[in-house]
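One structure is given below, encoded as structure tokens.
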2 protein chains.
Amino acid sequence: MTESNGAASHRSRLTIEDVAALARVSIKTVSRVINDEPNVKQETRDRVLEAIRRLDYRPSRVARSLASRQVFVIGLLYDNPSPYYIYNVQAGVLKACEQRGYDLLLHPTTFGNARTPEEIVTLHGQSRFDGVLLTPPLSDMEALTAALREQRVPFVLIAPGVELETDARVCTNDEAVVAEMTRHLVGLGHRRIAFVAGHPDHLAVGKRLAGFLSAMREAGLPVPAEYVAQGYNSFESGEAAARRLLGLPNPPTAIFAANDEMAAGVIKVARSLGIDLPRELSVAGFDDTPMTAQVWPALSSVRQPIARMAEMAASMLIEAAASGPVPPTRQLIPSEVVVRESTAPPARSSADH
Amino acid sequence: MTESNGAASHRSRLTIEDVAALARVSIKTVSRVINDEPNVKQETRDRVLEAIRRLDYRPSRVARSLASRQVFVIGLLYDNPSPYYIYNVQAGVLKACEQRGYDLLLHPTTFGNARTPEEIVTLHGQSRFDGVLLTPPLSDMEALTAALREQRVPFVLIAPGVELETDARVCTNDEAVVAEMTRHLVGLGHRRIAFVAGHPDHLAVGKRLAGFLSAMREAGLPVPAEYVAQGYNSFESGEAAARRLLGLPNPPTAIFAANDEMAAGVIKVARSLGIDLPRELSVAGFDDTPMTAQVWPALSSVRQPIARMAEMAASMLIEAAASGPVPPTRQLIPSEVVVRESTAPPARSSADH
DNA sequence: TTGAAAGCGCTAACAA
DNA sequence: TTGTTAGCGCTTTCAA
């Protein structure tokens, strides 16, 4: 003969009231315990905890969200780059979420899609997430960031190509580290160094070209126009670029590609042309994907702290989203050059040109 | 001078009441329109729709969930396999979710982790998802499936190694398609064919070995014990297996690896040993990852409909989760052999042994 | 075809 | 330190 309605015996959900009854306190006290609020006598707290344990009670997230006007979910917006990149971003975000009991909502989309801003604003309007993380190249989609600012949707940008002082963002030292890799090649004795640029929509990748050019200028080395090949981030575009570069009358002795996929394409083409790697051609990539170990010679690359950047961004968002817009701070997490076997001194005959 | 309280002007959330007021109907009628329920006069419906549009109203998912006892989220449990695999599973699940307004909750975990069942049951108890999808090898983690069955958490298994008639599941024809690839190799003239097995925790990958052995038996070809190398799904384990197999006094003329990563490792080692591919050695993989196009010679493989399987599983879960446990049906989505350049007739000298 | 009332299971604001 | 009362914004039930 319990005092609650008959439905209780029907396995209807266990609620905070059941816990309160068993612990002989009010539901507010149970709420205090659940949320680790102060001002609960230790003895009372223990009694409540014991009741929770005995009943195997799990507070409803949905009810909590409705009452608190927080959904404890952050959105992740991405445009289909490599599975490896997404995987690492997700891992970082999940790490930040896990610690705080947040969930992650995925939203793949397309860079150019004009409806994306509306979609995201709608998801937020429906209370499907508290704030959103934008990964490249979406972190540079102005129509989107403008809509988010206007509709007051909290957001943090990951590795934007263009930084605004008004936005919260997590960056890396792209330009500087590309310059460092370039100096590494120059230091090995290379003089004719070509670059395979990334997808033009991807502003952050554009910065990589800038870093390369400035380092070459500093080294006093010319970069003829035909030494900069436009790639599109894919393996195949790397192959195409390599065919062009290696077919030049005066081919480069080193090729630096703006990502590992394209660098792997370069390696494949070079080998198919019978070029002896790394003696006759050095190749460098960017991203430090597992691929670096799977090609021969093992690819020198730049290690980007993708997961850590994503974790940082998610933490910023979670901290802020509860209390309003995200403060427009800039966090920097540096990348580093990783030298492997694919970069070596040039063979005599081509180097002393 | 509106009739609502002053908070409305303070940008407090727009609610169903605002819509009802503007459309001059009750909130129940608005609810009917939102949920596409019948029994609303067309004229009334239009009036409500217009009010929704004018106000730019977006119903709160959280409130809807609390009232309807459905959260419109499905969970995806996975154990860190390849980014490529996960990416495709997610893509399939998202496709199914999108159409029905569901969201996806990610939950990476570890196969052996004894706390996983408790974690999942807790997430469900907190109403963080309606049901969950298990990917290999977790679809074969008995402690987990047992807990889900007992706690009545709706679930669907993707590609389990062992199938129970009691569970809802989406499978592919692993054994049959492996047998087909094996017959392809036999048909090319290979007699000495070795197999690199997958990770032992991964029961579904174990079935691949069975398919290979049965096809070899049918072809009347022996498979000496040393022709079956244990791999662990990684590129490096493929390299190790290849070193063993190719170092045998009587090495195979074809190596079939249980996934593409390992097959790529085999190719790398073979080339480093100066073996002429595919003339002196045929190699086949499984999964048809992008890697197949990035190695030379391009890798023959088995295309698994990962995304479609995941989409199917998610659809089953969504259809059922509203009304109870998922009916224990079995769905089959077949895989197919994809022949590329890495499989070719064996060179004379080794074939006629 | 439409609506009124009663929750869903919590937290917030305030009182004791 | 603890409790009471009102919601949060919807759906459900039942009545009209």
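Following the order of the structure tokens, chains are lettered A, B, ..., residues in each are numbered from 1, and ligands are numbered from 1.
Using only C-alpha atoms (C1' of nucleotides), the residues found no farther than 12 Å from DA15 (chain D), other than those of its own chain fewer than 3 positions away, are DT2, DG3, DA4 and DA5 of chain C.
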Output C-alpha atoms (C1' of nucleotides) for every residue in the selection just made, as an mmCIF file, in the first residue's frame.
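Result went into selection17.cif, see below:
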data_model
loop_
_atom_site.group_PDB
_atom_site.id
_atom_site.type_symbol
_atom_site.label_atom_id
_atom_site.label_comp_id
_atom_site.auth_asym_id
_atom_site.auth_seq_id
_atom_site.Cartn_x
_atom_site.Cartn_y
_atom_site.Cartn_z
ATOM 1 C "C1'" DT C 2 -11.471 21.703 -31.088
ATOM 2 C "C1'" DG C 3 -10.205 22.695 -26.314
ATOM 3 C "C1'" DA C 4 -9.350 22.467 -20.955
ATOM 4 C "C1'" DA C 5 -6.845 20.465 -17.619
#
*Check region 245-323 of chain A with DSSP on the backbone and list each residue it calls strand (DSSP E or B), as a PyMOL selection string.*
chain A and resi 254-257+282-284+287+300-303
Residues as selected, N, CA and C atoms, written as a PDB file, in the first residue's frame, can you do that?
ATOM      1  N   ALA A 254      62.632  19.312 -54.235  1.00  0.00           N
ATOM      2  CA  ALA A 254      61.810  19.051 -53.056  1.00  0.00           C
ATOM      3  C   ALA A 254      60.407  19.558 -53.321  1.00  0.00           C
ATOM      4  N   ILE A 255      59.413  18.807 -52.822  1.00  0.00           N
ATOM      5  CA  ILE A 255      58.016  19.222 -52.952  1.00  0.00           C
ATOM      6  C   ILE A 255      57.386  19.179 -51.575  1.00  0.00           C
ATOM      7  N   PHE A 256      56.797  20.293 -51.227  1.00  0.00           N
ATOM      8  CA  PHE A 256      56.140  20.424 -49.931  1.00  0.00           C
ATOM      9  C   PHE A 256      54.643  20.518 -50.223  1.00  0.00           C
ATOM     10  N   ALA A 257      53.890  19.545 -49.735  1.00  0.00           N
ATOM     11  CA  ALA A 257      52.442  19.546 -49.982  1.00  0.00           C
ATOM     12  C   ALA A 257      51.708  19.989 -48.724  1.00  0.00           C
ATOM     13  N   SER A 282      62.927  15.186 -52.371  1.00  0.00           N
ATOM     14  CA  SER A 282      62.414  15.198 -51.001  1.00  0.00           C
ATOM     15  C   SER A 282      60.944  15.573 -51.044  1.00  0.00           C
ATOM     16  N   VAL A 283      60.168  14.989 -50.131  1.00  0.00           N
ATOM     17  CA  VAL A 283      58.738  15.297 -50.077  1.00  0.00           C
ATOM     18  C   VAL A 283      58.354  15.552 -48.618  1.00  0.00           C
ATOM     19  N   ALA A 284      57.574  16.582 -48.400  1.00  0.00           N
ATOM     20  CA  ALA A 284      57.081  16.860 -47.053  1.00  0.00           C
ATOM     21  C   ALA A 284      55.575  17.035 -47.093  1.00  0.00           C
ATOM     22  N   ASP A 287      50.034  17.435 -41.461  1.00  0.00           N
ATOM     23  CA  ASP A 287      48.934  16.842 -40.666  1.00  0.00           C
ATOM     24  C   ASP A 287      49.406  15.675 -39.820  1.00  0.00           C
ATOM     25  N   SER A 300      58.031  13.040 -43.887  1.00  0.00           N
ATOM     26  CA  SER A 300      58.196  14.156 -42.958  1.00  0.00           C
ATOM     27  C   SER A 300      56.929  14.994 -43.012  1.00  0.00           C
ATOM     28  N   SER A 301      56.489  15.470 -41.869  1.00  0.00           N
ATOM     29  CA  SER A 301      55.203  16.160 -41.850  1.00  0.00           C
ATOM     30  C   SER A 301      55.126  17.138 -40.683  1.00  0.00           C
ATOM     31  N   VAL A 302      53.989  17.755 -40.545  1.00  0.00           N
ATOM     32  CA  VAL A 302      53.767  18.691 -39.441  1.00  0.00           C
ATOM     33  C   VAL A 302      52.654  18.133 -38.568  1.00  0.00           C
ATOM     34  N   ARG A 303      52.956  17.963 -37.314  1.00  0.00           N
ATOM     35  CA  ARG A 303      51.962  17.404 -36.405  1.00  0.00           C
ATOM     36  C   ARG A 303      51.086  18.501 -35.840  1.00  0.00           C
TER      37      ARG A 303
END
*Mind listing as a PyMOL selection string which residues of chain D are within 10 Å of chain B, counting only C-alpha atoms (C1' of nucleotides)?*
chain D and resi 8-12
Produce a file of the selected residues containing C-alpha atoms (C1' of nucleotides), as a PDB file, in the first residue's frame.
ATOM      1  C1'  DC D   8      10.055  25.092 -17.811  1.00  0.00           C
ATOM      2  C1'  DG D   9       7.048  24.132 -22.838  1.00  0.00           C
ATOM      3  C1'  DC D  10       5.264  20.673 -24.460  1.00  0.00           C
ATOM      4  C1'  DT D  11       1.845  16.066 -25.008  1.00  0.00           C
ATOM      5  C1'  DT D  12      -1.875  13.323 -23.190  1.00  0.00           C
TER       6       DT D  12
END
*What residues in region 24-182 of chain B get the DSSP label alpha helix (DSSP H)? Please answer as number ranges by chain.*
B: 27-34, 42-55, 61-68, 83-100, 116-125, 142-150, 174-182
For those residues, write C-alpha atoms to a file as a PDB file, in the first residue's frame.
ATOM      1  CA  ILE B  27      -2.321  25.219 -27.795  1.00  0.00           C
ATOM      2  CA  LYS B  28      -3.584  21.713 -28.434  1.00  0.00           C
ATOM      3  CA  THR B  29      -4.464  22.659 -31.970  1.00  0.00           C
ATOM      4  CA  VAL B  30      -1.029  24.107 -32.508  1.00  0.00           C
ATOM      5  CA  SER B  31       0.403  20.877 -31.177  1.00  0.00           C
ATOM      6  CA  ARG B  32      -1.698  18.925 -33.658  1.00  0.00           C
ATOM      7  CA  VAL B  33      -0.395  20.978 -36.523  1.00  0.00           C
ATOM      8  CA  ILE B  34       3.211  20.677 -35.422  1.00  0.00           C
ATOM      9  CA  GLN B  42      -7.379  22.894 -43.450  1.00  0.00           C
ATOM     10  CA  GLU B  43      -8.208  26.512 -42.829  1.00  0.00           C
ATOM     11  CA  THR B  44      -7.225  26.253 -39.175  1.00  0.00           C
ATOM     12  CA  ARG B  45      -4.056  24.458 -40.088  1.00  0.00           C
ATOM     13  CA  ASP B  46      -3.108  27.195 -42.504  1.00  0.00           C
ATOM     14  CA  ARG B  47      -3.731  29.849 -39.903  1.00  0.00           C
ATOM     15  CA  VAL B  48      -1.469  28.063 -37.421  1.00  0.00           C
ATOM     16  CA  LEU B  49       1.240  27.488 -39.980  1.00  0.00           C
ATOM     17  CA  GLU B  50       1.159  31.147 -40.867  1.00  0.00           C
ATOM     18  CA  ALA B  51       1.482  32.135 -37.218  1.00  0.00           C
ATOM     19  CA  ILE B  52       4.443  29.786 -36.817  1.00  0.00           C
ATOM     20  CA  ARG B  53       6.074  31.321 -39.823  1.00  0.00           C
ATOM     21  CA  ARG B  54       5.410  34.881 -38.757  1.00  0.00           C
ATOM     22  CA  LEU B  55       6.820  34.322 -35.294  1.00  0.00           C
ATOM     23  CA  ARG B  61      12.706  19.471 -28.224  1.00  0.00           C
ATOM     24  CA  VAL B  62      13.311  19.273 -24.539  1.00  0.00           C
ATOM     25  CA  ALA B  63       9.723  20.064 -23.626  1.00  0.00           C
ATOM     26  CA  ARG B  64       8.475  17.705 -26.257  1.00  0.00           C
ATOM     27  CA  SER B  65      10.695  14.951 -24.922  1.00  0.00           C
ATOM     28  CA  LEU B  66       9.600  15.434 -21.356  1.00  0.00           C
ATOM     29  CA  ALA B  67       5.957  15.277 -22.240  1.00  0.00           C
ATOM     30  CA  SER B  68       6.184  12.449 -24.747  1.00  0.00           C
ATOM     31  CA  PRO B  83      38.471   6.373 -38.473  1.00  0.00           C
ATOM     32  CA  TYR B  84      37.312   5.388 -41.923  1.00  0.00           C
ATOM     33  CA  TYR B  85      34.981   2.724 -40.574  1.00  0.00           C
ATOM     34  CA  ILE B  86      33.544   4.972 -37.889  1.00  0.00           C
ATOM     35  CA  TYR B  87      33.120   7.781 -40.329  1.00  0.00           C
ATOM     36  CA  ASN B  88      31.027   5.631 -42.608  1.00  0.00           C
ATOM     37  CA  VAL B  89      28.961   4.193 -39.807  1.00  0.00           C
ATOM     38  CA  GLN B  90      28.225   7.687 -38.586  1.00  0.00           C
ATOM     39  CA  ALA B  91      27.316   8.831 -42.056  1.00  0.00           C
ATOM     40  CA  GLY B  92      24.791   6.022 -42.397  1.00  0.00           C
ATOM     41  CA  VAL B  93      23.298   6.611 -38.980  1.00  0.00           C
ATOM     42  CA  LEU B  94      23.078  10.344 -39.553  1.00  0.00           C
ATOM     43  CA  LYS B  95      21.241   9.792 -42.792  1.00  0.00           C
ATOM     44  CA  ALA B  96      18.597   7.730 -41.049  1.00  0.00           C
ATOM     45  CA  CYS B  97      18.390  10.231 -38.197  1.00  0.00           C
ATOM     46  CA  GLU B  98      18.121  13.283 -40.333  1.00  0.00           C
ATOM     47  CA  GLN B  99      15.001  12.167 -42.117  1.00  0.00           C
ATOM     48  CA  ARG B 100      13.199  11.639 -38.842  1.00  0.00           C
ATOM     49  CA  THR B 116      30.520  -0.393 -20.279  1.00  0.00           C
ATOM     50  CA  PRO B 117      27.200  -2.154 -19.640  1.00  0.00           C
ATOM     51  CA  GLU B 118      26.600  -0.030 -16.557  1.00  0.00           C
ATOM     52  CA  GLU B 119      27.514   3.138 -18.456  1.00  0.00           C
ATOM     53  CA  ILE B 120      25.103   2.456 -21.257  1.00  0.00           C
ATOM     54  CA  VAL B 121      22.281   1.494 -18.956  1.00  0.00           C
ATOM     55  CA  THR B 122      22.875   4.691 -17.030  1.00  0.00           C
ATOM     56  CA  LEU B 123      22.800   6.867 -20.119  1.00  0.00           C
ATOM     57  CA  HIS B 124      19.535   5.270 -21.066  1.00  0.00           C
ATOM     58  CA  GLY B 125      18.186   5.650 -17.544  1.00  0.00           C
ATOM     59  CA  GLU B 142      27.929 -10.643 -24.297  1.00  0.00           C
ATOM     60  CA  ALA B 143      28.054  -8.917 -20.936  1.00  0.00           C
ATOM     61  CA  LEU B 144      26.800  -5.853 -22.722  1.00  0.00           C
ATOM     62  CA  THR B 145      24.005  -7.344 -24.778  1.00  0.00           C
ATOM     63  CA  ALA B 146      22.831  -9.288 -21.741  1.00  0.00           C
ATOM     64  CA  ALA B 147      22.596  -6.104 -19.703  1.00  0.00           C
ATOM     65  CA  LEU B 148      20.710  -4.330 -22.457  1.00  0.00           C
ATOM     66  CA  ARG B 149      18.227  -7.159 -22.786  1.00  0.00           C
ATOM     67  CA  GLU B 150      17.695  -7.324 -19.055  1.00  0.00           C
ATOM     68  CA  ASP B 174      31.197 -12.082 -44.911  1.00  0.00           C
ATOM     69  CA  GLU B 175      31.894 -15.761 -45.304  1.00  0.00           C
ATOM     70  CA  ALA B 176      30.406 -16.040 -48.752  1.00  0.00           C
ATOM     71  CA  VAL B 177      32.204 -13.019 -50.167  1.00  0.00           C
ATOM     72  CA  VAL B 178      35.536 -14.114 -48.710  1.00  0.00           C
ATOM     73  CA  ALA B 179      34.987 -17.461 -50.361  1.00  0.00           C
ATOM     74  CA  GLU B 180      34.306 -15.647 -53.608  1.00  0.00           C
ATOM     75  CA  MET B 181      37.538 -13.679 -53.412  1.00  0.00           C
ATOM     76  CA  THR B 182      39.367 -16.896 -52.624  1.00  0.00           C
TER      77      THR B 182
END
*Using only C-alpha atoms (C1' of nucleotides), find which residues of chain C lie within 12 Å of chain A and jot them down as a list of chain:residue names.*
C:DC8, C:DG9, C:DC10, C:DT11, C:DA12
Keeping only N, CA and C atoms (P, O5', C5', C4', C3', O3' and C1' of nucleotides), write the selected residues to a file as a PDB file, in the first residue's frame.
ATOM      1  P    DC C   8       3.109  12.899 -13.800  1.00  0.00           P
ATOM      2  O5'  DC C   8       4.238  13.033 -14.919  1.00  0.00           O
ATOM      3  C5'  DC C   8       4.201  12.305 -16.140  1.00  0.00           C
ATOM      4  C4'  DC C   8       5.335  12.805 -16.990  1.00  0.00           C
ATOM      5  C3'  DC C   8       6.620  13.058 -16.217  1.00  0.00           C
ATOM      6  O3'  DC C   8       7.447  11.907 -16.356  1.00  0.00           O
ATOM      7  C1'  DC C   8       6.116  14.877 -17.731  1.00  0.00           C
ATOM      8  P    DG C   9       7.937  11.087 -15.050  1.00  0.00           P
ATOM      9  O5'  DG C   9       9.114  11.992 -14.505  1.00  0.00           O
ATOM     10  C5'  DG C   9      10.237  12.205 -15.328  1.00  0.00           C
ATOM     11  C4'  DG C   9      11.018  13.363 -14.783  1.00  0.00           C
ATOM     12  C3'  DG C   9      11.415  13.233 -13.309  1.00  0.00           C
ATOM     13  O3'  DG C   9      12.780  13.553 -13.220  1.00  0.00           O
ATOM     14  C1'  DG C   9      10.445  15.315 -13.702  1.00  0.00           C
ATOM     15  P    DC C  10      13.711  13.312 -11.982  1.00  0.00           P
ATOM     16  O5'  DC C  10      14.752  14.476 -12.273  1.00  0.00           O
ATOM     17  C5'  DC C  10      14.890  15.621 -11.531  1.00  0.00           C
ATOM     18  C4'  DC C  10      14.787  16.838 -12.412  1.00  0.00           C
ATOM     19  C3'  DC C  10      15.257  18.074 -11.687  1.00  0.00           C
ATOM     20  O3'  DC C  10      16.620  18.293 -12.013  1.00  0.00           O
ATOM     21  C1'  DC C  10      13.126  18.446 -12.707  1.00  0.00           C
ATOM     22  P    DT C  11      17.541  19.098 -10.942  1.00  0.00           P
ATOM     23  O5'  DT C  11      17.146  20.633 -11.185  1.00  0.00           O
ATOM     24  C5'  DT C  11      17.347  21.203 -12.474  1.00  0.00           C
ATOM     25  C4'  DT C  11      16.868  22.630 -12.446  1.00  0.00           C
ATOM     26  C3'  DT C  11      17.568  23.528 -11.449  1.00  0.00           C
ATOM     27  O3'  DT C  11      17.670  24.804 -12.090  1.00  0.00           O
ATOM     28  C1'  DT C  11      15.260  23.526 -10.985  1.00  0.00           C
ATOM     29  P    DA C  12      18.439  26.015 -11.481  1.00  0.00           P
ATOM     30  O5'  DA C  12      17.271  27.025 -11.093  1.00  0.00           O
ATOM     31  C5'  DA C  12      16.330  27.385 -12.089  1.00  0.00           C
ATOM     32  C4'  DA C  12      15.487  28.523 -11.561  1.00  0.00           C
ATOM     33  C3'  DA C  12      16.228  29.530 -10.705  1.00  0.00           C
ATOM     34  O3'  DA C  12      15.724  30.828 -11.008  1.00  0.00           O
ATOM     35  C1'  DA C  12      14.562  28.413  -9.394  1.00  0.00           C
TER      36       DA C  12
END
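Straight-line separation from CA of Ser214 (chain A) to CA of Asp140 (chain A): 22.9 Å.
Every protein, DNA or RNA residue with an atom at most 8 Å from Glu261 (chain A), where only C-alpha atoms (C1' of nucleotides) count and chain neighbours fewer than 2 positions away do not, is listed here: A:Asn233, A:Ser234, A:Phe235, A:Gly238, A:Asn259, A:Ala263, A:Ala264, A:Gly265, A:Gly285, A:Met291.
Here CA of Pro154 (chain A) and CA of His107 (chain A) stand 15.7 Å from one another.
The spacing separating CA of Phe129 (chain A) from CA of Ile74 (chain A) amounts to 5.1 Å.
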*Near region 197-202 of chain A, within 7 Å and counting only C-alpha atoms (C1' of nucleotides), which residues show up once chain neighbours fewer than 6 positions away are dropped, as a PyMOL selection string?*
chain A and resi 136-137+209+228-233+257-258
Name the residues in contact with Leu246 (chain A) at a cut-off of 10 Å, using only C-alpha atoms (C1' of nucleotides), excluding same-chain residues fewer than 3 positions from it; report them as a compact mmCIF listing (two decimals) with C-alpha atoms, in the first residue's frame.
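Now in part-v4.txt:
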# COMPACT_ATOMS: atom_id res chain seq x y z
CA ALA A 194 57.86 23.52 -54.99
CA TYR A 227 56.48 25.88 -58.65
CA ALA A 241 50.20 18.30 -59.10
CA ALA A 242 53.22 16.02 -58.99
CA ARG A 243 52.87 15.13 -62.65
CA PRO A 249 62.00 21.37 -67.74
CA ASN A 250 63.73 22.30 -64.52
CA PRO A 251 61.92 20.22 -61.87
CA PRO A 252 62.14 20.87 -58.13
CA THR A 253 64.34 18.78 -55.84
CA ILE A 255 58.02 19.22 -52.95
CA VAL A 266 53.29 13.04 -54.95
CA VAL A 269 53.75 9.55 -58.89
CA ALA A 270 57.45 10.11 -58.24
CA LEU A 273 58.36 7.85 -62.74
CA ILE A 275 62.57 8.76 -59.30
CA LEU A 281 63.33 14.18 -54.52
